[in-house]
$ cat protein-v8.csv   # CSV, C-alpha atoms
chain,number,residue,atom,x,y,z
A,5,MET,CA,110.8,104.0,127.7
A,6,SER,CA,113.0,104.3,130.7
A,7,GLN,CA,112.9,108.1,130.8
A,8,THR,CA,109.9,109.7,132.4
A,9,ASN,CA,108.7,113.1,133.2
A,10,SER,CA,109.7,112.7,136.8
A,11,LYS,CA,113.4,112.9,136.0
A,12,PRO,CA,114.9,116.0,137.6
A,13,VAL,CA,117.2,116.8,134.8
A,14,GLY,CA,116.2,119.9,133.0
A,15,LEU,CA,117.7,122.5,130.7
A,16,HIS,CA,119.7,124.2,133.4
A,17,ASN,CA,121.2,121.2,135.1
A,18,ALA,CA,121.9,119.0,132.1
A,19,LYS,CA,125.6,118.6,131.4
A,20,THR,CA,127.0,120.7,128.5
A,21,MET,CA,128.3,118.2,126.0
A,22,SER,CA,130.0,118.1,122.5
A,23,ARG,CA,127.7,117.9,119.5
A,24,LEU,CA,130.4,116.1,117.5
A,25,ASP,CA,131.0,113.5,120.3
A,26,LEU,CA,127.2,112.9,120.7
A,27,THR,CA,126.7,112.7,116.9
A,28,LYS,CA,129.4,110.0,116.7
A,29,ARG,CA,127.9,108.2,119.6
A,30,ALA,CA,124.5,108.2,117.9
A,31,VAL,CA,125.7,107.2,114.5
A,32,ALA,CA,127.7,104.3,116.1
A,33,GLN,CA,124.4,102.9,117.4
A,34,LEU,CA,122.8,102.7,113.9
A,35,LYS,CA,122.9,99.1,112.8
A,36,LYS,CA,119.7,98.7,110.8
A,37,ASP,CA,120.2,101.3,108.0
A,38,GLU,CA,118.2,103.9,109.9
A,39,ALA,CA,117.6,107.1,108.0
A,40,VAL,CA,119.1,110.3,109.4
A,41,ILE,CA,118.0,113.8,108.4
A,42,GLY,CA,120.6,116.4,109.3
A,43,GLY,CA,119.6,120.0,109.9
A,44,ILE,CA,121.4,122.9,108.2
A,45,GLY,CA,124.8,124.2,109.3
A,46,ASN,CA,126.8,122.8,112.2
A,47,THR,CA,124.4,119.9,112.8
A,48,ASN,CA,125.2,118.7,109.3
A,49,PHE,CA,128.9,119.4,109.5
A,50,ASP,CA,129.2,117.1,112.5
A,51,LEU,CA,126.9,114.5,110.9
A,52,TRP,CA,129.2,114.5,107.9
A,53,GLU,CA,132.3,114.2,110.1
A,54,ALA,CA,130.7,111.3,112.0
A,55,GLY,CA,130.9,109.3,108.7
A,56,GLN,CA,128.9,109.5,105.6
A,57,ARG,CA,126.2,106.8,105.3
A,58,PRO,CA,123.9,106.3,102.3
A,59,GLN,CA,121.0,106.7,104.6
A,60,ASN,CA,122.0,110.3,105.6
A,61,PHE,CA,120.2,113.3,104.1
A,62,TYR,CA,122.0,116.6,104.6
A,63,MET,CA,119.5,119.4,104.3
A,64,LEU,CA,121.2,122.5,102.8
A,65,GLY,CA,118.6,125.2,103.0
A,66,SER,CA,115.0,125.5,104.2
A,67,MET,CA,115.8,126.1,107.8
A,68,GLY,CA,113.2,124.5,110.1
A,69,LEU,CA,112.2,121.7,107.7
A,70,THR,CA,114.5,118.9,109.1
A,71,ILE,CA,111.8,117.4,111.3
A,72,PRO,CA,109.0,117.7,108.8
A,73,ILE,CA,111.2,115.9,106.2
A,74,ALA,CA,112.0,113.2,108.8
A,75,LEU,CA,108.2,112.8,109.4
A,76,GLY,CA,107.6,112.3,105.7
A,77,VAL,CA,110.3,109.6,105.4
A,78,ALA,CA,108.9,107.9,108.5
A,79,ILE,CA,105.4,107.8,107.0
A,80,ALA,CA,106.7,106.5,103.7
A,81,GLN,CA,108.9,103.8,105.3
A,82,PRO,CA,107.2,102.7,108.5
A,83,LYS,CA,109.6,99.7,108.9
A,84,ARG,CA,112.7,101.9,109.0
A,85,HIS,CA,113.6,104.1,112.0
A,86,VAL,CA,114.2,107.7,111.1
A,87,VAL,CA,116.3,110.2,113.2
A,88,ALA,CA,116.1,113.9,112.8
A,89,LEU,CA,119.1,116.0,114.1
A,90,GLU,CA,118.1,119.6,114.6
A,91,GLY,CA,119.3,122.7,116.4
A,92,ASP,CA,117.4,124.9,118.8
A,93,GLY,CA,117.2,127.9,116.4
A,94,SER,CA,115.8,125.8,113.6
A,95,LEU,CA,113.2,124.1,115.9
A,96,LEU,CA,112.1,127.5,117.3
A,97,MET,CA,111.3,128.4,113.7
A,98,MET,CA,109.0,125.4,113.2
A,99,LEU,CA,107.5,124.6,116.7
A,100,GLY,CA,104.2,123.5,115.1
A,101,CYS,CA,105.8,120.4,113.7
A,102,LEU,CA,106.0,119.0,117.2
A,103,ALA,CA,102.2,119.2,117.5
A,104,THR,CA,101.8,117.6,114.1
A,105,ILE,CA,104.1,114.7,115.1
A,106,ALA,CA,102.3,114.2,118.4
A,107,VAL,CA,99.0,113.8,116.5
A,108,GLN,CA,100.5,111.5,113.9
A,109,ALA,CA,102.5,109.6,116.5
A,110,PRO,CA,104.9,107.8,114.2
A,111,LYS,CA,106.5,104.9,116.1
A,112,ASN,CA,109.6,105.0,114.0
A,113,LEU,CA,110.7,108.7,114.6
A,114,THR,CA,113.3,110.1,116.9
A,115,ILE,CA,114.1,113.8,117.2
A,116,VAL,CA,117.6,114.7,118.6
A,117,LEU,CA,117.8,118.3,119.6
A,118,TRP,CA,121.2,120.1,119.9
A,119,ASP,CA,120.7,123.1,122.1
A,120,ASN,CA,123.5,125.6,122.4
A,121,GLY,CA,121.3,128.6,123.0
A,122,ALA,CA,122.6,130.3,119.9
A,123,TYR,CA,122.2,130.9,116.2
A,124,GLN,CA,125.8,129.7,116.0
A,125,ILE,CA,126.4,129.8,112.3
A,126,THR,CA,125.3,133.4,111.9
A,127,GLY,CA,127.5,134.8,114.6
A,128,SER,CA,126.2,133.1,117.8
A,129,GLN,CA,123.3,135.5,118.5
A,130,PRO,CA,121.3,134.1,121.5
A,131,THR,CA,118.2,132.1,120.9
A,132,ALA,CA,115.3,132.1,123.4
A,133,THR,CA,116.6,128.9,124.9
A,134,ALA,CA,119.6,130.8,126.2
A,135,THR,CA,117.4,132.5,128.7
A,136,THR,CA,113.8,131.5,129.0
A,137,ALA,CA,112.5,128.9,126.6
A,138,ASP,CA,112.7,125.1,127.3
A,139,LEU,CA,112.2,123.1,124.2
A,140,VAL,CA,111.6,119.8,126.1
A,141,ALA,CA,108.8,121.5,128.0
A,142,ILE,CA,107.5,122.9,124.7
A,143,ALA,CA,107.6,119.4,123.1
A,144,ARG,CA,105.8,117.8,126.1
A,145,ALA,CA,103.2,120.5,126.0
A,146,SER,CA,102.8,119.9,122.2
A,147,GLY,CA,101.9,116.3,123.1
A,148,LEU,CA,105.3,114.5,122.8
A,149,ALA,CA,105.3,113.0,126.2
A,150,ASN,CA,108.5,111.1,125.6
A,151,SER,CA,110.7,114.2,125.5
A,152,ASN,CA,113.7,114.5,127.9
A,153,TRP,CA,117.0,116.2,128.5
A,154,ALA,CA,120.0,113.9,128.5
A,155,ALA,CA,121.9,114.4,131.8
A,156,ASP,CA,125.2,113.3,130.4
A,157,GLU,CA,126.8,111.2,127.6
A,158,GLU,CA,126.0,107.9,129.1
A,159,GLU,CA,122.4,108.8,129.5
A,160,PHE,CA,122.3,110.1,126.0
A,161,ASP,CA,123.5,106.7,124.8
A,162,ARG,CA,120.8,104.9,126.7
A,163,MET,CA,118.1,107.2,125.7
A,164,PHE,CA,119.1,107.0,122.0
A,165,ALA,CA,119.2,103.2,122.2
A,166,ASP,CA,115.8,103.1,123.7
A,167,ALA,CA,114.4,105.5,121.1
A,168,ILE,CA,115.7,103.7,118.0
A,169,ASN,CA,114.7,100.3,119.2
A,170,GLY,CA,111.4,101.1,120.9
A,171,GLY,CA,108.2,102.9,120.2
A,172,GLY,CA,108.4,106.6,119.3
A,173,PRO,CA,108.0,109.3,118.7
A,174,THR,CA,110.8,110.4,121.0
A,175,LEU,CA,112.6,113.7,121.5
A,176,ILE,CA,116.1,113.7,123.1
A,177,ALA,CA,117.5,117.1,123.9
A,178,ALA,CA,121.2,117.7,124.7
A,179,ARG,CA,122.8,120.9,125.9
A,180,ILE,CA,125.9,121.4,123.8
A,181,ASP,CA,128.9,123.7,123.8
A,182,SER,CA,129.8,126.4,121.4
A,183,GLU,CA,132.3,124.4,119.3
A,184,PRO,CA,131.7,124.9,115.6
A,185,GLY,CA,130.9,121.9,113.4
A,186,VAL,CA,133.9,120.0,112.1
A,187,GLY,CA,133.1,118.5,108.7
A,188,LYS,CA,132.0,120.1,105.5
A,189,THR,CA,129.1,118.7,103.6
A,190,ASP,CA,128.9,118.4,99.8
A,191,ARG,CA,126.9,121.1,98.2
A,192,ASP,CA,125.1,119.3,95.5
A,193,PRO,CA,121.4,118.9,96.4
A,194,VAL,CA,120.5,116.6,93.6
A,195,GLN,CA,123.3,114.3,94.4
A,196,ILE,CA,122.6,114.3,98.1
A,197,ARG,CA,118.9,113.5,97.4
A,198,ALA,CA,119.8,110.8,94.8
A,199,ASN,CA,122.3,109.1,97.2
A,200,PHE,CA,119.8,109.2,100.0
A,201,MET,CA,117.0,107.6,97.9
A,202,ARG,CA,119.4,104.9,96.8
A,203,GLY,CA,120.4,104.4,100.4
A,204,LEU,CA,116.7,103.9,101.3
A,205,GLY,CA,116.2,101.5,98.4
A,206,VAL,CA,113.8,103.8,96.6
A,207,LYS,CA,113.7,103.7,92.8
A,208,ARG,CA,112.2,106.6,91.1
B,10,MET,CA,87.6,108.1,83.6
B,11,THR,CA,83.9,108.9,82.9
B,12,HIS,CA,83.2,112.3,84.3
B,13,THR,CA,80.1,114.1,83.3
B,14,PRO,CA,79.7,117.9,83.4
B,15,THR,CA,77.9,117.4,86.7
B,16,THR,CA,80.7,115.5,88.5
B,17,PRO,CA,81.8,117.8,91.3
B,18,TRP,CA,85.3,119.2,90.7
B,19,HIS,CA,86.6,117.8,94.0
B,20,GLU,CA,85.6,114.3,92.9
B,21,ILE,CA,87.6,114.6,89.8
B,22,VAL,CA,90.6,115.8,91.8
B,23,LEU,CA,90.3,112.9,94.2
B,24,GLU,CA,89.9,110.3,91.5
B,25,THR,CA,92.9,111.7,89.5
B,26,LEU,CA,95.1,111.6,92.7
B,27,LYS,CA,94.1,108.0,93.2
B,28,ALA,CA,94.7,107.0,89.6
B,29,ASN,CA,98.2,108.3,90.0
B,30,ASP,CA,99.0,106.5,93.2
B,31,ILE,CA,99.1,109.7,95.4
B,32,LYS,CA,98.5,108.3,98.9
B,33,LEU,CA,99.6,111.0,101.2
B,34,ILE,CA,97.8,114.4,101.4
B,35,VAL,CA,99.1,117.2,103.7
B,36,TYR,CA,97.1,120.4,103.8
B,37,VAL,CA,96.6,123.7,105.5
B,38,PRO,CA,92.8,124.3,105.5
B,39,ASP,CA,90.8,126.4,103.1
B,40,ARG,CA,87.1,127.0,102.9
B,41,VAL,CA,86.9,126.4,99.2
B,42,LEU,CA,88.8,123.1,99.5
B,43,THR,CA,86.6,121.8,102.3
B,44,PRO,CA,84.6,119.4,100.2
B,45,LEU,CA,87.8,117.9,98.7
B,46,ILE,CA,89.4,117.6,102.2
B,47,LYS,CA,86.3,116.0,103.6
B,48,ALA,CA,86.1,113.5,100.7
B,49,LEU,CA,89.9,112.7,101.1
B,50,HIS,CA,89.4,112.1,104.8
B,51,ALA,CA,86.5,109.8,104.1
B,52,ASP,CA,88.4,107.6,101.7
B,53,ALA,CA,90.6,105.0,103.4
B,54,TYR,CA,92.9,105.0,100.4
B,55,PHE,CA,94.4,108.3,101.5
B,56,ASN,CA,96.5,109.2,104.5
B,57,VAL,CA,95.4,112.8,105.1
B,58,PHE,CA,96.4,115.3,107.8
B,59,ALA,CA,96.8,119.0,108.4
B,60,ALA,CA,100.1,120.7,108.9
B,61,THR,CA,100.5,123.8,111.0
B,62,ARG,CA,102.2,125.7,108.1
B,63,GLU,CA,102.5,125.3,104.4
B,64,GLU,CA,106.3,125.0,104.7
B,65,GLU,CA,105.9,122.1,107.1
B,66,ALA,CA,103.7,120.4,104.5
B,67,ILE,CA,106.3,120.9,101.9
B,68,GLY,CA,108.9,119.3,104.2
B,69,VAL,CA,106.7,116.3,104.8
B,70,VAL,CA,106.0,115.6,101.1
B,71,THR,CA,109.7,116.0,100.3
B,72,GLY,CA,110.5,113.4,102.9
B,73,ALA,CA,107.7,111.1,101.7
B,74,TRP,CA,108.9,111.3,98.1
B,75,MET,CA,112.5,110.5,99.1
B,76,GLY,CA,111.1,107.5,101.1
B,77,GLY,CA,109.2,106.3,98.0
B,78,MET,CA,105.6,107.6,98.6
B,79,ARG,CA,103.8,109.9,96.3
B,80,SER,CA,102.0,112.8,97.9
B,81,ALA,CA,100.4,116.2,97.4
B,82,VAL,CA,99.9,119.4,99.4
B,83,LEU,CA,96.8,121.6,99.5
B,84,MET,CA,96.6,125.2,100.6
B,85,GLN,CA,95.2,128.6,99.7
B,86,THR,CA,96.9,131.6,98.0
B,87,SER,CA,98.0,133.3,101.3
B,88,GLY,CA,99.6,130.1,102.4
B,89,PHE,CA,101.5,129.7,99.1
B,90,ALA,CA,103.0,133.2,99.7
B,91,THR,CA,104.9,131.7,102.7
B,92,LEU,CA,106.7,129.2,100.6
B,93,PRO,CA,109.4,130.9,98.4
B,94,ASN,CA,112.3,129.8,100.6
B,95,ALA,CA,111.2,126.2,100.9
B,96,LEU,CA,110.7,126.0,97.2
B,97,ALA,CA,113.9,127.8,96.2
B,98,SER,CA,116.2,126.1,98.7
B,99,LEU,CA,114.7,122.6,98.9
B,100,VAL,CA,112.1,121.6,96.3
B,101,VAL,CA,113.6,123.1,93.2
B,102,PRO,CA,117.4,122.4,93.8
B,103,SER,CA,116.7,118.9,95.0
B,104,GLN,CA,114.4,118.2,92.1
B,105,ILE,CA,111.4,117.1,94.2
B,106,PRO,CA,108.2,116.4,92.3
B,107,ALA,CA,106.0,118.2,94.8
B,108,LEU,CA,102.3,118.5,93.7
B,109,ILE,CA,101.0,121.8,95.0
B,110,PHE,CA,97.3,122.6,94.9
B,111,VAL,CA,96.5,126.2,95.6
B,112,SER,CA,92.9,127.4,96.0
B,113,GLU,CA,92.9,130.8,94.5
B,114,ARG,CA,91.6,133.6,96.6
B,115,GLY,CA,92.1,137.3,96.0
B,116,THR,CA,90.5,137.6,92.6
B,117,LEU,CA,87.1,137.4,90.9
B,118,GLY,CA,85.1,139.0,93.7
B,119,GLU,CA,87.5,139.1,96.6
B,120,PHE,CA,86.4,141.1,99.6
B,121,ASN,CA,89.6,141.1,101.6
B,122,LEU,CA,92.3,143.5,100.4
B,123,GLY,CA,95.1,141.4,101.9
B,124,GLN,CA,94.0,138.4,100.0
B,125,ALA,CA,93.8,140.4,96.8
B,126,MET,CA,97.4,141.6,97.3
B,127,VAL,CA,98.9,138.3,98.2
B,128,CYS,CA,97.2,136.7,95.2
B,129,LYS,CA,99.3,138.9,92.9
B,130,THR,CA,102.5,137.3,94.2
B,131,VAL,CA,101.7,133.7,93.4
B,132,ARG,CA,102.4,133.5,89.7
B,133,PRO,CA,105.5,135.8,89.7
B,134,VAL,CA,107.0,133.5,92.4
B,135,LEU,CA,106.3,130.4,90.4
B,136,ASP,CA,107.6,131.9,87.2
B,137,SER,CA,110.7,133.3,88.8
B,138,LEU,CA,111.6,129.8,90.0
B,139,GLY,CA,110.6,128.1,86.8
B,140,ILE,CA,108.0,126.0,88.4
B,141,GLU,CA,105.4,124.6,86.0
B,142,ASN,CA,102.0,125.9,86.9
B,143,HIS,CA,98.5,125.7,85.6
B,144,THR,CA,95.5,127.8,86.4
B,145,VAL,CA,92.5,125.5,86.1
B,146,THR,CA,89.4,127.4,85.2
B,147,ARG,CA,87.4,124.8,83.2
B,148,HIS,CA,85.7,121.7,84.6
B,149,ASP,CA,86.2,119.9,81.3
B,150,GLU,CA,89.9,120.5,81.3
B,151,LEU,CA,90.5,119.6,85.0
B,152,GLU,CA,91.3,115.9,84.7
B,153,PHE,CA,93.5,116.3,81.6
B,154,ILE,CA,95.6,119.0,83.2
B,155,LEU,CA,96.0,117.2,86.5
B,156,ASP,CA,96.6,113.7,85.1
B,157,ARG,CA,99.1,114.8,82.4
B,158,SER,CA,100.9,117.3,84.7
B,159,ILE,CA,101.2,114.8,87.6
B,160,LYS,CA,102.7,112.2,85.3
B,161,GLN,CA,105.1,114.9,83.9
B,162,ALA,CA,106.1,115.9,87.4
B,163,PHE,CA,107.2,112.4,88.3
B,164,ALA,CA,108.8,111.7,85.0
B,165,THR,CA,110.9,114.9,85.0
B,166,GLN,CA,111.4,115.1,88.8
B,167,ALA,CA,110.0,118.6,88.9
B,168,PRO,CA,107.4,120.3,91.1
B,169,VAL,CA,104.0,121.5,89.6
B,170,THR,CA,101.4,123.9,91.0
B,171,PHE,CA,97.7,123.8,90.2
B,172,ILE,CA,96.0,127.1,90.9
B,173,LEU,CA,92.3,126.2,91.2
B,174,SER,CA,90.4,129.3,90.0
B,175,PRO,CA,87.0,130.4,91.4
B,176,LEU,CA,85.8,129.7,87.9
B,177,LEU,CA,86.3,126.0,88.7
B,178,THR,CA,85.5,125.9,92.4
B,179,GLY,CA,83.0,128.7,92.8
B,180,GLY,CA,85.4,130.5,95.1
B,181,LYS,CA,84.4,132.2,98.3
B,182,VAL,CA,81.2,134.1,98.0
B,183,PHE,CA,81.4,137.9,98.6
B,184,ALA,CA,80.2,138.9,102.0
B,185,LYS,CA,77.0,141.0,101.9
$ encode --input "protein-v8.csv" --output "structure tokens"
Amino acid sequence: MSQTNSKPVGLHNAKTMSRLDLTKRAVAQLKKDEAVIGGIGNTNFDLWEAGQRPQNFYMLGSMGLTIPIALGVAIAQPKRHVVALEGDGSLLMMLGCLATIAVQAPKNLTIVLWDNGAYQITGSQPTATATTADLVAIARASGLANSNWAADEEEFDRMFADAINGGGPTLIAARIDSEPGVGKTDRDPVQIRANFMRGLGVKR
Amino acid sequence: MTHTPTTPWHEIVLETLKANDIKLIVYVPDRVLTPLIKALHADAYFNVFAATREEEAIGVVTGAWMGGMRSAVLMQTSGFATLPNALASLVVPSQIPALIFVSERGTLGEFNLGQAMVCKTVRPVLDSLGIENHTVTRHDELEFILDRSIKQAFATQAPVTFILSPLLTGGKVFAK
């Protein structure tokens, strides 16, 4: 990976970007039917807006479980790359999953963290990342050495390309603005799950 | 399978999992489950690891199922009590055939009041969500209950919970 721990870009000097723009940039790079697990709320809304793919799973409840679900898919399908899109509030709820993933070290897993320092969908109450917590530092300390802040859009593109084509696990964190998500996901969990399994070529 | 009355309960569980193509086991540790967890780790057929929370384990097996791999989770009663949201908002509405093994603490000689209280929540939670559940007390019924219920879970795309009673496992011995 080209990004290393020596990079000076951290939480407080990374550019504040648009989640929708970055989601579109990431989805545009997916050429190999990569699986994408979208976290609840605005993360999913922008994933929906970026274009619905059969390999997208939109998690509707169970806040905090996006990354564990992605780990399960990555274990079941080691030849397919799996991307988890998750928000800062959700990850703070399930920090232990970073340690689990570091131990399991799936090569085919990329975590993209959208950090706006807020529980945006419930009224933008501040999360701990708005003041003191640095989720990249937490990820590194959990054993995920390849965890970095994206300085700007161009660097996000490069980091994401490296991540989905190289050896993971990788965590890419982006500071994002307070714009709400744009799309609106379907609300039928069975249909979402069935579409996703068909998209992954899984017969039940 | 040819189990005798002296075949250890954990060996029957392991063999029944294997017979049903359950390859991934995610657990949060429990003293009573230790011989099962040890045996699973020692068997190269299984991919076995610990999660940091029971909810996390549920997430992993949900993803694994959607990716085409059968899996099971192991925990104790107090861990199960952390699960209602994950079950009600993910497993049940998405129709995920999660196989949930719960080592039962809090009854038949419990010494910890907290464990005794939390044990009382397990069946009401399962029943309120309509989740099939079996309390396994008898060695001679273990394989039948597991094998039939695992097959039913996959056939009907529904979760199932096995509550392993101290009557089966011996439980945790009362502190003197």
$ residues_around --input "protein-v8.csv" --residues "Thr170 in chain B" --least-positions-apart "4" --cutoff "10 Å" --atoms "all atoms listed in the file" --output "JSON, numbers by chain"
{"B": [82, 83, 89, 107, 108, 109, 110, 111, 132, 135, 140, 141, 142, 143, 144, 155, 158, 159, 162]}
$ residues_around --input "protein-v8.csv" --residues "Ile105 in chain B" --least-positions-apart "5" --cutoff "7 Å" --atoms "all atoms listed in the file" --output "PDB file with C-alpha atoms, keeping the file's coordinate frame"
ATOM      1  CA  THR B  71     109.700 116.000 100.300  1.00  0.00           C
ATOM      2  CA  VAL B 100     112.100 121.600  96.300  1.00  0.00           C
ATOM      3  CA  GLN B 166     111.400 115.100  88.800  1.00  0.00           C
ATOM      4  CA  ALA B 167     110.000 118.600  88.900  1.00  0.00           C
ATOM      5  CA  PRO B 168     107.400 120.300  91.100  1.00  0.00           C
TER       6      PRO B 168
END
$ residues_around --input "protein-v8.csv" --residues "Asp119 in chain A" --least-positions-apart "4" --cutoff "9 Å" --atoms "only C-alpha atoms" --output "MDAnalysis selection string"
chainID A and resid 90:93 133:134 139 177:181
$ residues_around --input "protein-v8.csv" --residues "Val87 in chain A" --least-positions-apart "4" --cutoff "9 Å" --atoms "only C-alpha atoms" --output "list of chain:residue names"
A:Glu38, A:Ala39, A:Val40, A:Ile41, A:Gly42, A:Ile71, A:Ala74, A:Asn112, A:Leu113, A:Thr114, A:Ile115, A:Val116, A:Ile168
$ residues_around --input "protein-v8.csv" --residues "Leu99 in chain B" --least-positions-apart "3" --cutoff "10 Å" --atoms "all atoms listed in the file" --output "short mmCIF file (atom, residue, chain, number, x, y, z; two decimals) with C-alpha atoms, in the coordinates of the input"
data_model
loop_
_atom_site.label_atom_id
_atom_site.label_comp_id
_atom_site.auth_asym_id
_atom_site.auth_seq_id
_atom_site.Cartn_x
_atom_site.Cartn_y
_atom_site.Cartn_z
CA MET A 63 119.50 119.40 104.30
CA LEU A 64 121.20 122.50 102.80
CA GLY A 65 118.60 125.20 103.00
CA SER A 66 115.00 125.50 104.20
CA MET A 67 115.80 126.10 107.80
CA LEU A 69 112.20 121.70 107.70
CA PRO A 193 121.40 118.90 96.40
CA VAL A 194 120.50 116.60 93.60
CA ILE B 67 106.30 120.90 101.90
CA GLY B 68 108.90 119.30 104.20
CA THR B 71 109.70 116.00 100.30
CA PRO B 93 109.40 130.90 98.40
CA ASN B 94 112.30 129.80 100.60
CA ALA B 95 111.20 126.20 100.90
CA LEU B 96 110.70 126.00 97.20
CA PRO B 102 117.40 122.40 93.80
CA SER B 103 116.70 118.90 95.00
CA GLN B 104 114.40 118.20 92.10
CA ILE B 105 111.40 117.10 94.20
#
$ closest_atom_pairs --input "protein-v8.csv" --of "chain B" --to "chain A" --cutoff "6 Å" --atoms "all atoms listed in the file" --output "CSV"
residue,atom,partner,partner_atom,distance
B:Thr61,CA,A:Gly100,CA,5.5
B:Glu65,CA,A:Pro72,CA,5.6
B:Gly68,CA,A:Ile73,CA,4.6
B:Val69,CA,A:Gly76,CA,4.2
B:Val70,CA,A:Gly76,CA,5.9
B:Gly72,CA,A:Gly76,CA,4.2
B:Ala73,CA,A:Gly76,CA,4.2
B:Met75,CA,A:Met201,CA,5.5
B:Gly76,CA,A:Val77,CA,4.9
B:Gly77,CA,A:Val206,CA,5.4
B:Met78,CA,A:Ala80,CA,5.3
B:Ala95,CA,A:Ser66,CA,5.1
B:Ser98,CA,A:Gly65,CA,5.0
B:Pro102,CA,A:Pro193,CA,5.9
B:Ser103,CA,A:Val194,CA,4.7
$ closest_residue --input "protein-v8.csv" --among "B:Val101, B:Ala59, B:Val127, B:Leu177" --to "Pro38 in chain B" --atoms "only C-alpha atoms"
B:Ala59
$ closest_residue --input "protein-v8.csv" --among "A:Pro110, A:Pro130, A:Gly121, A:Gly43" --to "Ala88 in chain A" --atoms "all atoms listed in the file"
A:Gly43
$ residues_near_point --input "protein-v8.csv" --point "(121.5, 113.2, 127.1)" --cutoff "12 Å" --atoms "all atoms listed in the file" --output "number ranges by chain"
A: 7, 13-15, 17-23, 25-27, 29-30, 116-119, 140, 151-165, 175-180
$ atom_distance --input "protein-v8.csv" --atom1 "CA of Ala137 in chain A" --atom2 "CA of Ser182 in chain A"
18.2 Å
$ closest_residue --input "protein-v8.csv" --among "B:Ala90, B:Ile34, B:Ile172, B:Ala164" --to "Val134 in chain B" --atoms "all atoms listed in the file"
B:Ala90
$ atom_distance --input "protein-v8.csv" --atom1 "CA of Val22 in chain B" --atom2 "CA of Asp52 in chain B"
13.0 Å
$ atom_distance --input "protein-v8.csv" --atom1 "CA of Ala60 in chain B" --atom2 "CA of Leu34 in chain A"
29.4 Å
$ residues_near_point --input "protein-v8.csv" --point "(97.4, 130.0, 96.0)" --cutoff "7 Å" --atoms "all atoms listed in the file" --output "list of chain:residue names"
B:Met84, B:Gln85, B:Thr86, B:Ser87, B:Gly88, B:Phe89, B:Val111, B:Ser112, B:Glu113, B:Arg114, B:Cys128, B:Val131, B:Ile172
$ decode --input "protein-v8.csv" --residues "range 106-120 of chain A" --atoms "C-alpha atoms" --output "compact mmCIF listing (two decimals), in the first residue's frame"
# COMPACT_ATOMS: atom_id res chain seq x y z
CA ALA A 106 -7.05 -7.34 12.62
CA VAL A 107 -6.73 -10.87 14.01
CA GLN A 108 -8.59 -12.51 11.11
CA ALA A 109 -6.79 -10.26 8.57
CA PRO A 110 -9.04 -10.87 5.55
CA LYS A 111 -7.17 -9.73 2.42
CA ASN A 112 -10.43 -8.95 0.63
CA LEU A 113 -11.93 -6.41 3.04
CA THR A 114 -11.95 -2.61 2.86
CA ILE A 115 -13.60 -0.40 5.46
CA VAL A 116 -14.57 3.12 4.41
CA LEU A 117 -15.37 5.39 7.33
CA TRP A 118 -17.46 8.53 6.87
CA ASP A 119 -16.69 10.82 9.80
CA ASN A 120 -18.85 13.92 10.23
